[in-house]
Each structure stands twice: as C-alpha cells, then as structure tokens.
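*Asks:* Attaching a single structure in structure tokens format; questions to follow.
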Amino acid sequence: MIRFDNYSCTYSSGKPMLHQLNLNITPGEFVFVTGPSGGGKSTLCFSINGLIPHETEGSTYQGSVTVDGNRVQDVYPNDLVSVVGTVLQDPEWQLVRGTVKEELTFALENMGFPAEEIDRRLEEVVERVEIQSLLLRSTLDLSGGQKQRVAIAACLMTKPKVIVLDEPTAELDPLGKEMVLETIRQLHQEWGYTIVFVDHNLDVSMPYVDRVIVVAEGEIVADAPPNRLYDEPLVREWLPMPQVIELARKLGVKIEDEQHRDCDPLSVEELRKALHNRGIVRPEPPRQESDRMPEGGVAPAGETLLELRNITFRYRKQEDEMTIKPLNLKIGRGEFAAVIGRNGAGKSTLCKLITGLLKPHGGELLIHGKPSREYRADQRARHIGFVFQNPDYQFVRRTVYDEVAYGLSVQKLPASEIEERVMKVTKLLQIDKYLEEHPHFLSRGERRRVAIASILVMQPEVIILDEPTTGLDSVRCREMMDYIAELWRQGHTIIMLTHDMRVVADYIPRTIVLSQGQIVWDAPTREVFSKGKELERYHITLPPVVELSHIWGWTPTALTSDELVEALSAAALPEPAFGGGVE
Amino acid sequence: MQLYYPSNSLLHYLHGFTKILVFGLLLTFIPLFMDQLVSLTVLLLVCLALFIYIRPSRWHWLLLVPVLILSFTMSLSYFLSDAGGTLYFQADLGYWKIIISSGNIAVSLKFMCRMLIWCLLFFLILFTTSNEDIVMGLKKFGLPEFVTLSVSLALRYWSLMIFDVKTVMDAQYVRGVDFRSGNLYARSVRFASTLVPVLFVFLKRFRTTSFALTLKGAGRKNKRTYYYNPRITGIDKRVILAGGLLFITWLGLRCFFTL
Amino acid sequence: MSQLTSMQSGLPKRGVTARHIVAMVISALIFGATIYISRFVPIKLGTVQVLYPAAIFAPLFGVWFGVWGSAGLVVGNILSMVVVGMNPAIYPLALLAQFIMGFVPGIAFRKVRFEGAKDRIVFIVTVTLGMILSTVLVALNLVLIQKIPGNVVWGTIWPWMQVSNTLAAAIFSPLLFAWMSDYMNKSGLFFKRFLG
C-alpha cells in the first residue's frame with residue numbers, strides 16, 4: 001500500500017530529514033511510528049500525504065514514495081485526498097469550517113462530488129464514528145477529543161486507502177486520548193484501514209498495533225512487531241521502555257506469541273498472566289515504603305506560603321454552577337504537589353485564581369498570610385510564577401537571554417544582577433548554550449525550559465507549571481521532570497498540573513485530585529493512588545505498576561517500577577533473564 | 001465571530017444575497033441622497049422598527065452603545081467648520097476654530113442619523129444571517145471561491161484569535177506586566193509588547209491551517225460543489241423588487257424635491 | 001555533494017493554493033484585530049482614528065505575503081467594521097486605501113534590489129508615496145461619501161493621517177520587520193514572489 005524507495009528529503013536549511021529510507025507497508029496494517037522529537041516522524045507522514053515536497057517551502061527529495069500505486073511526488077496533495085487521509089496534531093486549527101457538518105462535507109465539496117453522494121457518505125460516516133449528536137454544533141464548542149474525532153470523520157468522508165495520524169492525541173487529556181484511540185482502533189479492526197499512527201505514548205498504543213517503526217535522526221532504527229521491538233539493540237538508545245515491558249524485562253518474564261516464540265507482554269493483563277504462570281499469584285506488598293521519594297501530605301512541609309480559604313469562582317457564561325466550589329488549600333514552602341483531574345475539573349481555573357489572572361467570587365487567597373488583593377502584579381510575580389503549557393504565548397524577546405531577563409527588566413533591577421540571575425538559571429536548566437538563539441527556533445522541550453527559566457529567574461517562592469511534559473517524547477519527558485525535580489530539591493515550591501500519571505507516580509509526593517471544582521483528595525501520592533477503582537470515576541488512568549499493585553490488592557500501592565521489582569525480588573524471584581529499564 | 005441568533009422573523013428566512021443587496025446596498029445608499037433631517041429621522045425610525053422586529057437579545061441591544069459613541073465622536077469634526085446658522089459658541093484655537101452653530105448642529109445630527117441608519121441596517125444583516133449564509137450571499141455576487149473561503153475562515157478564527165491575545169496578555173501578567181494599571185502611555189507600551197507573541201503564535205498556526213486546507217482538497221482545479229446552497233425564493237424576489245423600487249422611487253423623487 | 005545536486009523539488013505551484021488563502025486570513029485577522037482594539041479608543045477625526053496602530057502592520061503584510069497580504073488588509077478592515085456595525089459598503093475608497101498600504105510596499109520590496117543607499121531611498125520614497133496615496137483615498141471617502149466638510153478633511157484630518165499613519169509606519173514597521181524577518185525567513189513563511 002505504501003512504499004518508500006531510497007527516499008531522502010531535506011528542508012530549506014539543507015539539513016537531511018529522512019535519509020535513504022526503504023519501507024513497505026501492506027494493506028490493512030496498523031503501523032505505529034515513534035521516536036525522539038525532531039527525528040523525522042512528521043516528515044515521514046508528510047512524505048506520504050505529499051505535503052513534502054509540494055507544500056513545504058524549500059523541501060527537496062530523492063527517491064520515491066508510492067501510495068496505492070500513486071507516486072506522491074507526481075501528484076498534488078489536494079489531488080491525493082481520496083488516497084491518503086490525514087489528521088494533524090492541533091485539534092483547533094485543523095478544523096476549518098464553522099460547524100461539524102460543514103467540516104465533514106468540505107473535502108467532498110472541493111472534490112466536486114454531487115450533493116446526493118455527499119449525503120450518503122455523511123450518513124455512513126456519522127454513524128460509524130458516532131458523532132450524530134455533534135453534527136450541527138459549532139466546531140469551536142467541542143472538546144479536544146471530539147475535535148480530533150471530527151477530524152478523523154472528515155478523513156473518512158473521502159474514503160481514503162490510508163489514514164495518517166500525526167500525533168493526534170498530543171494535546172488531549174486522558175479522556176480525549178482514550179476517545180481518539182478507540183476510534184483509531186475501530187478504523188483498523190472493524191473497517192480494515194491502513195493506518196500510520198505517529199505518537200509518543202507507547203504504553204497505551206502498543207497492545208493494538210501490528211508493527212512499530214522507530215525513526216531517529218532521519219533513519220529507521222527499528223521496525224518490528226511491538227512485542228519484539230526491544231529485542232532490537234538500537235531501540236533502547238532512543239526509546240525508554242513502556243512500563244509493562246520494563247517490568248517484564250526486569251523480572252525476566254516473557255510470554256509466547258502465536259508462533260510460540262518468546263516475546264514481551266504488552267498489557268498489564270498479559271504481564272499479570274505471565275507472572276501468574278511463574279507462580280506469582282498474589283505476592284506480598286512492599287514491606288516498607290521506598291525512601292526514593294519523600295512523602296508530602298495535606299499538612300504543608302514548611303511555613304504556609306499560599307492559603308485558599310473558601311475560594312469560589314464562576315465564569316460569566318455559567319450562571320447556574322460554580323466552576324470552583326468553596327475550596328480550601330494550603331501550600332507550604334518546599335512542597336511539590338500535582339493537581340490532577342479531567343479537563344474541566346477546575347485545575348486551570350484554580351491556578352488562574354492563585355496567580356491573580358482571575359478574581360475569586362468569594363473567599364480569600366492569602367500569600368504569606370496577607371490577602372492577595374494587596375499585591376500588585378509585579379509583587380505577586382515575585383511570589384508566584386506560572387509557566388503556561390504553550391511557551392509561545394510567553395516569548396516577547398528575540399534572544400533567549402533577553403527573554404529570560406525580561407521579567408527582571410520589568411522590575412527595573414540593575415543590569416549586573418539581571419545578568420547574574422540569568423546566567424545562574426539558564427545554567428541550571430542547561431539552556432546557557434542557547435543564550436543568543438531566537439527562543440521560537442528551539443525545540444519544544446527547550447522552549448519549555450526557556451519559559452520555566454524566565455519565571456524561575458524572578459525567584460518566585462511558588463512555581464506553577466501547566467502540563468510541562470505534554471507533547472514531549474519519553475526521553476525529553478524524563479529530562480524535563482529531572483530538571484523540575486532538581487528545582488524542587490533546591491528548595492523551590494512546585495505545583496504541577498498534569499495528566500501524566502506515570503510522572504506523578506515517579507516524581508511527585510503530594511497529589512490533589514480535583515473534580516467539578518472541588519478537591520476530592522489531597523494526600524500523599526501513594527495514598528491517592530491506593531484508592532484503586534475509585535479513581536476511575538475521575539477519569540484517572542493509572543500507570544501499569546499501580547494497576548498491577550491493585551490487582552494484587554497491595555495497600556499501599558507501589559508507585560515505581562523499582563519499588564515493584566524490589567518487592568518481588570524480596571519474594572525470591574529467579575534472576576532476570578534480560579536487561580532493561582530506564583537508566 | 002457570531003452575531004447571528006436564530007429566530008423566526010421574515011428577515012431570518014431571507015437569503016443572504018437578498019439581505020446584502022437590500023439592506024447592505026440599496027437601503028444603505030438612500031441616506032446618501034437624503035438632505036433633510038426629517039427624512040433621515042423617519043428612515044432611522046423605520047430601521048429601528050425593523051431592528052425591534054427581529055427581537056434582538058439584551059446583549060445585541062448593547063452593541064448599539066459603541067455605535068452611538070462612535071457616531072457621536074465622529075460627528076464632532078463638523079464643529080471644526082462653519083455650516084452657518086445662529087452662532088451659539090466659538091473658540092479660536094489658532095489653527096482650528098471650534099464653532100457651535102445651528103447649522104453645525106444640524107449637519108452633525110444628520111451625520112449621526114446616517115451613521116445610525118447604516119449601522120442598524122448592517123446589524124439587521126448580521127443578526128439574522130449565519131456566517132454560512134453570509135458567505136453564500138457573497139458568493140451570489142460573483143466573488144471568487146478563495147475570497148469567500150478567506151472570509152469564512154477569518155470569521156471562524158476571529159474568536160480563537162481573541163482567545164490567543166488574552167492568553168498572551170495573561171502570560172505577560174504573570175511575569176509582572178500589569179495591563180490594568182498605569183497611565184495610557186504605559187498601558188499602550190505594555191499592550192504593544194503582546195503583539196510580538198501574538199504574531200508568532202499566529203504565524204505558527206499558519207502552517208497547520210494551510211496544511212489542513214490542502215489536505216481537504218482546497219485549491220483543486222475541478223468544479224466545486226456547494227452542498228449547502230439555499231435557493232432564492234419567491235419572498236426573496238419580492239423583497240429585492242420592493243427594495244429596488246424604493247431606491248429608484250427615492251432617486252426619482254429627489255430629482256424634483258429636496259428631501 | 002552529488003547526492004545534494006540530485007535532490008528534486010515539488011511540482012510547480014498552480015493557481016490559488018491554501019497558502020495564499022491562509023496568508024490572506026492571517027493578515028486579515030491580525031490587521032483586523034489591531035483596528036478593532038484601537039476602535040475602543042474613541043478619539044476620532046471624522047471617521048478616522050486619531051491613533052491607528054494597524055498602519056504599522058499594513059506594509060509588513062504586503063512585504064511578507066505580497067498581494068495576498070494586501071488583500072488580507074481589506075478583509076481585516078471589513079472584519080473590524082463588522083464587529084462594530086459599520087457597513088463596509090460606505091467605505092469603498094478607504095478599503096482601496098488599505099489595499100494600497102500593503103500593495104505598494106509589497107511590490108517595492110520585491111522590485112528594489114537593495115544594493116546601495118540609493119535603492120533604500122527609492123524604497124522609502126515609494127512606500128511613503130504609497131502611504132500618501134492611501135491617505136488621499138481615505139480623505140476622498142470622507143468628503144464624497146461621509147460628506148465631511150472639505151476644509152476639515154484637507155486642513156485637519158488628512159495632515160493628521162500623514163503624521164499618525166505614515167510616521168508610525170516609518171518608525172515602527174522597520175523595527176517590527178527586523179524583529180520578525182529572521183523568523184519569517186527561517187520558517188519559510190515569506191512569499192518570495194509578489195503573487196505567491
């Protein structure tokens with residue numbers, strides 16, 4: 001169905017993005033493409049749908065890509081619509097029409113299909129993707145997951161042979177991710193589409209795909225079925241293992257595939273069965289809690305920096321319901337807390353209230369025991385820093401140095417002090433080598449670090465981070481969290497909004513669960529994650545280690561792979577047969 | 001950007017083309033051929049009656065406030081010239097003279113009437129016509145596809161852009177840049193600093209939208225289908241005829257009378 | 001090296017593509033929003049804004065996106081009018097003026113070679129003439145359609161537009177251009193040809 005023959009391509013910078021690629025994807029295959037950011041995954045997608053070389057200014061190619069007999073380089077991408085359907089990453093800006101119905105019919109209108117045929121396909125697709133209730137709604141009013149589902153449905157309208165999805169879940173919350181993944185699974189399993197799915201999240205997708213291709217530095221470094229992927233030696237350099245495989249390898253557990261060959265389990269259930277076969281049915285829980293992660297808790301660790309007393313808030317549009325119901329919260333010096341909950345739970349509103357972007361309707365916010373309204377914007381910025389999810393909103397200067405220094409220049413500090421602080425912070429976050437670079441030209445992870453640095457440089461007592469790991473590949477995600485953990489160790493107080501439960505389990509000692517504008521739990525992470533099934537109500541998808549702990553009835557639960565392996569090792573497991581894990 | 005609200009007035013059922021032609025062009029041009037304050041006032045009242053007829057919400061009524069302020073401030077420039085009549089007040093500011101006379105008041109009132117009529121007529125179109133229908137109306141005037149598509153995209157992305165601007169302002173606020181205090185100059189400078197990230201964010205969006213349009217077949221050479229293509233009905237034809245006759249009659253009458 | 005020389009580009013561009021449409025939309029949105037915001041500073045001379053920061057963007061979009069950026073200025077101005085209930089049909093010459101504010105710098109940027117001081121002067125003079133032409137058109141719109149007295153228009157409003165628009169564009173547009181151009185060039189958003 002898709003064939004790359006000695007295909008290379010470059011962008012205007014002259015930097016090769018894909019190098020001498022040979023690849024064959026057969027009809028009906030579900031191919032998962034992954035690898036480090038900037039490695040060439042999106043380039044691969046755009047080479048299939050023809051955006052490269054026809055629409056990407058300055059791109060050049062060599063060799064050929066053929067899709068369903070069409071040589072992509074000889075066809076304009078808008079003439080390839082009925083062969084390749086594409087879903088892009090940004091749910092907001094790839095929908096171009098006012099209502100869902102208009103969005104769905106747009107491509108067929110452009111192709112000149114008669115209205116009767118459009119009607120027929122509309123009926124079929126709407127039923128398949130189950131979006132009847134959305135049909136007449138404005139595309140602006142949909143949730144992220146719904147938007148991506150509409151984008152997928154719009155693809156199906158042209159009846160393409162291949163569907164290419166370029167990180168369609170990167171900007172979604174877990175519920176949205178699940179919604180989109182479910183649709184993609186259906187596309188493959190029930191309707192037999194050939195799927196090329198680019199993503200970072202191996203944990204969730206691995207059990208469903210036929211084949212995983214790892215692209216790094218413009219080359220394919222691995223191409224294997226998911227359960228044999230980590231047999232390939234180069235993969236581990238580029239791709240940390242999903243937690244299930246990591247555990248299986250550390251514990252030396254394998255399962256048999258259909259051809260009776262040894263392979264890795266891909267889901268928690270497969271791992272549980274494999275361990276069961278090894279005689280591990282209901283192992284003893286860890287005897288003592290790991291000392292790897294100091295526990296936080298409801299009671300603040302140090303002096304109280306922030307205190308919310310019966311805070312309430314309501315947006316103008318919502319006349320009948322409070323977005324934040326009477327809420328009490330204390331954040332102490334040196335704490336590291338995660339705020340979790342599904343989209344719309346009130347996480348962002350809570351942070352905006354803390355940072356002063358919104359004014360509470362009732363109650364009081366105290367900063368150092370003093371009402372927040374007594375602080376001016378620049379004074380408040382010295383106490384509380386907020387790093388936005390999208391750093392692009394923040395950058396106003398042309399160099400990283402000026403950008404990081406901007407907040408200090410607003411405070412009119414002397415140049416020598418500004419320089420000293422900028423150098424210190426940029427060194428800490430390892431962006432000191434980019435000081436003369438334009439912030440917008442850095443990679444996503446580097447841009448995030450510049451955004452964090454520009455807040456950190458003002459030495460706020462509390463730093464609030466909104467989804468700092470979203471859209472980062474696993475290696476970059478770990479790097480980012482290591483930086484943040486380092487800031488915490490140096491004494492900063494950190495509040496982090498996140499949907500990534502593995503990050504919470506691995507790094508963050510205190511967890512606050514929000515739902516419908518109320519705090520449901522505020523406790524040490526281990527205690528919160530020990531709630532088991534109760535967490536499902538709040539659409540919190542637990543990491544495999546925690547899930548496995550629940551299956552075994554461990555209370556308190558293990559949080560990290562190391563804890564779980566330690567606990568099982570204590571039960572005298574045989575020596576692991578394979579190496580692995582995130583070093 | 002969505003000023004439209006669904007309702008069951010006759011205007012809501014008319015084709016976008018009819019409304020643009022009648023209210024946006026024919027009736028809009030009539031005030032240009034009105035010299036008497038009385039005529040303008042009558043037309044203003046008719047427009048106001050039509051405005052009430054389409055039953056706008058309180059929020060839609062509030063949109064008339066900036067219109068009133070705008071037309072008033074615009075009309076002040078008439079007091080820099082001398083339209084004759086009884087002189088009530090005069091101030092010599094060197095190069096400029098501010099003159100308040102009966103003549104100036106009359107021309108300034110006429111101007112305000114014209115502005116209000118134009119705005120009301122335009123609101124009649126915007127409040128009763130969805131974006132999709134406005135675009136289809138424009139299409140009937142023979143505008144090329146890329147223009148109508150650009151207009152509909154701009155209408156769709158307007159609110160997203162306002163959201164982006166707000167987020168950029170928020171991101172600066174948390175760094176200590178306060179837009180809510182300081183003098184006008186300080187606020188203007190702070191606001192200007194937000195333009196850079198807004199521009200960058202938008203230019204980055206440019207790629208996604210451009211790719212998305214291409215991948216949905218925009219710019220193909222074949223003939224395009226218009227799936228949503230409302231017809232010009234009998235009512236439309238009658239309204240167009242009435243609008244046309246009114247326009248011609250007014251022009252005819254004006255040849256003989258000062259109206 | 002031999003490999004690089006054998007690299008090929010995509011098919012030649014044909015007709016109006018998505019890039020052109022989006023260039024129009026981006027120009028329209030940013031330009032329209034800037035006018036829209038300045039409309040809330042209700043200091044007017046006739047129907048002309050005393051402060052018109054959008055004038056800074058007009059030449060830039062012409063330079064970056066050629067004729068498409070210029071057309072976007074017209075759409076943007078219409079959008080900003082729509083929001084406050086102003087009917088664009090009564091501002092035909094003002095809309096044409098907006099187009100010229102982008103068109104002249106856009107074409108001058110592509111025609112002038114910028115090899116010496118003389119070329120720069122030619123460019124600056126051309127852009128200034130374009131700005132003057134556009135303000136004349138706005139003034140004519142005021143006299144002919146809004147029926148504002150000629151002495152007020154030519155004696156006060158038009159000179160003020162020269163100071164406000166032309167001066168703002170002369171000072172701030174080059175600054176913003178310098179600020180953004182490395183990004184525009186590196187990201188491939190710049191339209192090399194006037195027609196895209």
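Quick note on naming: the chains in the structure tokens go A, B, ... in the order shown, residues restart at 1 in each chain, and ligands are numbered from 1 in order of appearance.
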As number ranges by chain, list the residues of chain C assigned to strand (DSSP E or B) by DSSP on the backbone atoms of this structure.
*Replies:* C: 8, 44-45, 48-49
*Asks:* If we count only C-alpha atoms, what is near range 234-242 of chain B at a cut-off of 10 Å, once residues fewer than 3 positions away on the same chain are taken out, given as a ChimeraX atom specification?
*Replies:* /B:10-11,13-19,21-23,26,231,245-248
*Asks:* Against chain A, which residues of chain B fall within 8 Å? For each one I want the closest pair of atoms and the distance in Å (one decimal), counting only C-alpha atoms, rows by chain and increasing residue number, as CSV.
*Replies:*
residue,atom,partner,partner_atom,distance
B:Asn131,CA,A:Gly98,CA,7.9
B:Glu132,CA,A:Gly98,CA,7.7
B:Ser152,CA,A:Arg97,CA,7.6
B:Leu153,CA,A:Val96,CA,6.4
B:Arg156,CA,A:Gly98,CA,6.1
B:Asp164,CA,A:Tyr393,CA,7.9
B:Thr167,CA,A:Tyr393,CA,6.8
B:Val168,CA,A:Tyr393,CA,4.8
B:Asp170,CA,A:Leu357,CA,6.5
B:Ala171,CA,A:Gln394,CA,5.4
B:Gln172,CA,A:Gln394,CA,6.5
B:Tyr173,CA,A:Ala377,CA,6.7
B:Val174,CA,A:Ala381,CA,5.7
B:Arg175,CA,A:Gly407,CA,5.5
B:Gly176,CA,A:Asp378,CA,3.8
B:Val177,CA,A:Asp378,CA,6.7
B:Asp178,CA,A:Ala377,CA,5.7
B:Ser193,CA,A:Val396,CA,6.7
B:Thr194,CA,A:Val396,CA,7.1
B:Val196,CA,A:Val396,CA,5.8
B:Pro197,CA,A:Val396,CA,5.6
B:Val198,CA,A:Tyr393,CA,7.2
B:Phe200,CA,A:Asp392,CA,7.4
B:Val201,CA,A:Asp392,CA,6.2
B:Arg205,CA,A:Trp93,CA,6.8
B:Thr208,CA,A:Gln94,CA,6.1
B:Thr209,CA,A:Gln94,CA,5.4
B:Phe211,CA,A:Leu51,CA,7.2
B:Ala212,CA,A:Gln94,CA,5.1
B:Leu213,CA,A:Val96,CA,7.3
B:Thr214,CA,A:Asn78,CA,5.3
B:Leu215,CA,A:Asn78,CA,5.6
B:Lys216,CA,A:Ala107,CA,4.6
B:Gly217,CA,A:Asn78,CA,4.2
B:Ala218,CA,A:Asn110,CA,6.0
B:Gly219,CA,A:Asn78,CA,7.2
B:Arg220,CA,A:Asn78,CA,6.2
B:Asn222,CA,A:Gly112,CA,6.6
B:Lys223,CA,A:Gly112,CA,5.7
B:Arg224,CA,A:Gly112,CA,4.5
B:Thr225,CA,A:Glu109,CA,4.6
B:Tyr226,CA,A:Glu109,CA,6.1
B:Tyr227,CA,A:Ala115,CA,5.5
*Asks:* Contacts from chain C to chain A, 7 Å maximum, only C-alpha atoms: show me the residue list as a list of chain:residue names.
*Replies:*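 Result, ordered by chain then number: C:Ser6, C:Met7, C:Gln8, C:Ser9, C:Gly10, C:Leu11, C:Gly188.
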*Asks:* Using only C-alpha atoms, find which residues of chain B lie within 6 Å of chain C and jot them down as a VMD selection string.
*Replies:* chain B and resid 73 to 74 77 119 122 to 123 150 154 210 213 to 214 219
*Asks:* For the residues selected in the previous step, produce a file with all heavy atoms as a PDB file, in the first residue's frame.
*Replies:*
ATOM      1  N   THR B  73     -18.749  60.723  18.436  1.00  0.00           N
ATOM      2  CA  THR B  73     -17.377  61.270  18.352  1.00  0.00           C
ATOM      3  C   THR B  73     -17.019  61.649  16.920  1.00  0.00           C
ATOM      4  O   THR B  73     -16.340  62.630  16.674  1.00  0.00           O
ATOM      5  CB  THR B  73     -16.343  60.265  18.889  1.00  0.00           C
ATOM      6  OG1 THR B  73     -16.554  59.016  18.247  1.00  0.00           O
ATOM      7  CG2 THR B  73     -16.440  60.084  20.369  1.00  0.00           C
ATOM      8  N   MET B  74     -17.533  60.833  15.978  1.00  0.00           N
ATOM      9  CA  MET B  74     -17.265  61.156  14.572  1.00  0.00           C
ATOM     10  C   MET B  74     -17.909  62.493  14.190  1.00  0.00           C
ATOM     11  O   MET B  74     -17.337  63.292  13.454  1.00  0.00           O
ATOM     12  CB  MET B  74     -17.828  60.057  13.675  1.00  0.00           C
ATOM     13  CG  MET B  74     -17.028  58.784  13.678  1.00  0.00           C
ATOM     14  SD  MET B  74     -17.920  57.536  12.741  1.00  0.00           S
ATOM     15  CE  MET B  74     -16.831  56.158  12.872  1.00  0.00           C
ATOM     16  N   SER B  77     -16.379  66.323  14.446  1.00  0.00           N
ATOM     17  CA  SER B  77     -15.497  67.015  13.497  1.00  0.00           C
ATOM     18  C   SER B  77     -16.227  68.111  12.723  1.00  0.00           C
ATOM     19  O   SER B  77     -15.605  69.012  12.182  1.00  0.00           O
ATOM     20  CB  SER B  77     -14.861  66.009  12.544  1.00  0.00           C
ATOM     21  OG  SER B  77     -15.863  65.345  11.854  1.00  0.00           O
ATOM     22  N   CYS B 119     -25.577  51.569  10.520  1.00  0.00           N
ATOM     23  CA  CYS B 119     -25.249  50.509  11.486  1.00  0.00           C
ATOM     24  C   CYS B 119     -26.452  49.595  11.733  1.00  0.00           C
ATOM     25  O   CYS B 119     -26.304  48.371  11.779  1.00  0.00           O
ATOM     26  CB  CYS B 119     -24.783  51.117  12.805  1.00  0.00           C
ATOM     27  SG  CYS B 119     -23.161  51.843  12.652  1.00  0.00           S
ATOM     28  N   PHE B 122     -26.964  47.335   8.869  1.00  0.00           N
ATOM     29  CA  PHE B 122     -25.924  46.307   8.831  1.00  0.00           C
ATOM     30  C   PHE B 122     -26.154  45.252   9.914  1.00  0.00           C
ATOM     31  O   PHE B 122     -25.982  44.060   9.675  1.00  0.00           O
ATOM     32  CB  PHE B 122     -24.566  46.984   9.005  1.00  0.00           C
ATOM     33  CG  PHE B 122     -23.443  46.162   8.450  1.00  0.00           C
ATOM     34  CD1 PHE B 122     -23.503  45.653   7.165  1.00  0.00           C
ATOM     35  CD2 PHE B 122     -22.327  45.880   9.213  1.00  0.00           C
ATOM     36  CE1 PHE B 122     -22.474  44.878   6.647  1.00  0.00           C
ATOM     37  CE2 PHE B 122     -21.302  45.114   8.710  1.00  0.00           C
ATOM     38  CZ  PHE B 122     -21.368  44.622   7.426  1.00  0.00           C
ATOM     39  N   PHE B 123     -26.602  45.724  11.076  1.00  0.00           N
ATOM     40  CA  PHE B 123     -26.911  44.770  12.146  1.00  0.00           C
ATOM     41  C   PHE B 123     -28.088  43.876  11.752  1.00  0.00           C
ATOM     42  O   PHE B 123     -28.134  42.712  12.147  1.00  0.00           O
ATOM     43  CB  PHE B 123     -27.228  45.504  13.452  1.00  0.00           C
ATOM     44  CG  PHE B 123     -26.005  45.897  14.236  1.00  0.00           C
ATOM     45  CD1 PHE B 123     -25.994  47.042  15.028  1.00  0.00           C
ATOM     46  CD2 PHE B 123     -24.860  45.120  14.208  1.00  0.00           C
ATOM     47  CE1 PHE B 123     -24.863  47.402  15.761  1.00  0.00           C
ATOM     48  CE2 PHE B 123     -23.726  45.479  14.934  1.00  0.00           C
ATOM     49  CZ  PHE B 123     -23.729  46.619  15.701  1.00  0.00           C
ATOM     50  N   SER B 150     -11.746  32.689   2.360  1.00  0.00           N
ATOM     51  CA  SER B 150     -10.947  33.504   3.289  1.00  0.00           C
ATOM     52  C   SER B 150     -11.852  34.194   4.300  1.00  0.00           C
ATOM     53  O   SER B 150     -11.534  34.245   5.494  1.00  0.00           O
ATOM     54  CB  SER B 150     -10.157  34.585   2.548  1.00  0.00           C
ATOM     55  OG  SER B 150      -9.357  34.007   1.580  1.00  0.00           O
ATOM     56  N   ALA B 154     -11.725  33.625   8.238  1.00  0.00           N
ATOM     57  CA  ALA B 154     -11.453  34.753   9.133  1.00  0.00           C
ATOM     58  C   ALA B 154     -12.558  34.862  10.189  1.00  0.00           C
ATOM     59  O   ALA B 154     -12.275  35.098  11.368  1.00  0.00           O
ATOM     60  CB  ALA B 154     -11.339  36.038   8.327  1.00  0.00           C
ATOM     61  N   SER B 210      -2.935  25.922   6.804  1.00  0.00           N
ATOM     62  CA  SER B 210      -2.607  25.815   5.388  1.00  0.00           C
ATOM     63  C   SER B 210      -2.550  24.338   4.972  1.00  0.00           C
ATOM     64  O   SER B 210      -3.117  23.934   3.947  1.00  0.00           O
ATOM     65  CB  SER B 210      -1.270  26.513   5.152  1.00  0.00           C
ATOM     66  OG  SER B 210      -0.796  26.242   3.890  1.00  0.00           O
ATOM     67  N   LEU B 213      -6.092  22.797   4.979  1.00  0.00           N
ATOM     68  CA  LEU B 213      -6.882  23.160   3.792  1.00  0.00           C
ATOM     69  C   LEU B 213      -6.452  22.341   2.589  1.00  0.00           C
ATOM     70  O   LEU B 213      -7.283  21.815   1.849  1.00  0.00           O
ATOM     71  CB  LEU B 213      -6.705  24.654   3.486  1.00  0.00           C
ATOM     72  CG  LEU B 213      -7.514  25.624   4.326  1.00  0.00           C
ATOM     73  CD1 LEU B 213      -7.078  27.047   4.055  1.00  0.00           C
ATOM     74  CD2 LEU B 213      -8.999  25.487   4.018  1.00  0.00           C
ATOM     75  N   THR B 214      -5.148  22.229   2.397  1.00  0.00           N
ATOM     76  CA  THR B 214      -4.641  21.447   1.260  1.00  0.00           C
ATOM     77  C   THR B 214      -5.123  20.008   1.351  1.00  0.00           C
ATOM     78  O   THR B 214      -5.579  19.431   0.363  1.00  0.00           O
ATOM     79  CB  THR B 214      -3.096  21.460   1.267  1.00  0.00           C
ATOM     80  OG1 THR B 214      -2.673  22.807   1.216  1.00  0.00           O
ATOM     81  CG2 THR B 214      -2.524  20.700   0.091  1.00  0.00           C
ATOM     82  N   GLY B 219      -8.233  24.314  -3.340  1.00  0.00           N
ATOM     83  CA  GLY B 219      -7.346  24.706  -4.432  1.00  0.00           C
ATOM     84  C   GLY B 219      -7.312  23.708  -5.577  1.00  0.00           C
ATOM     85  O   GLY B 219      -6.484  23.827  -6.479  1.00  0.00           O
TER      86      GLY B 219
END
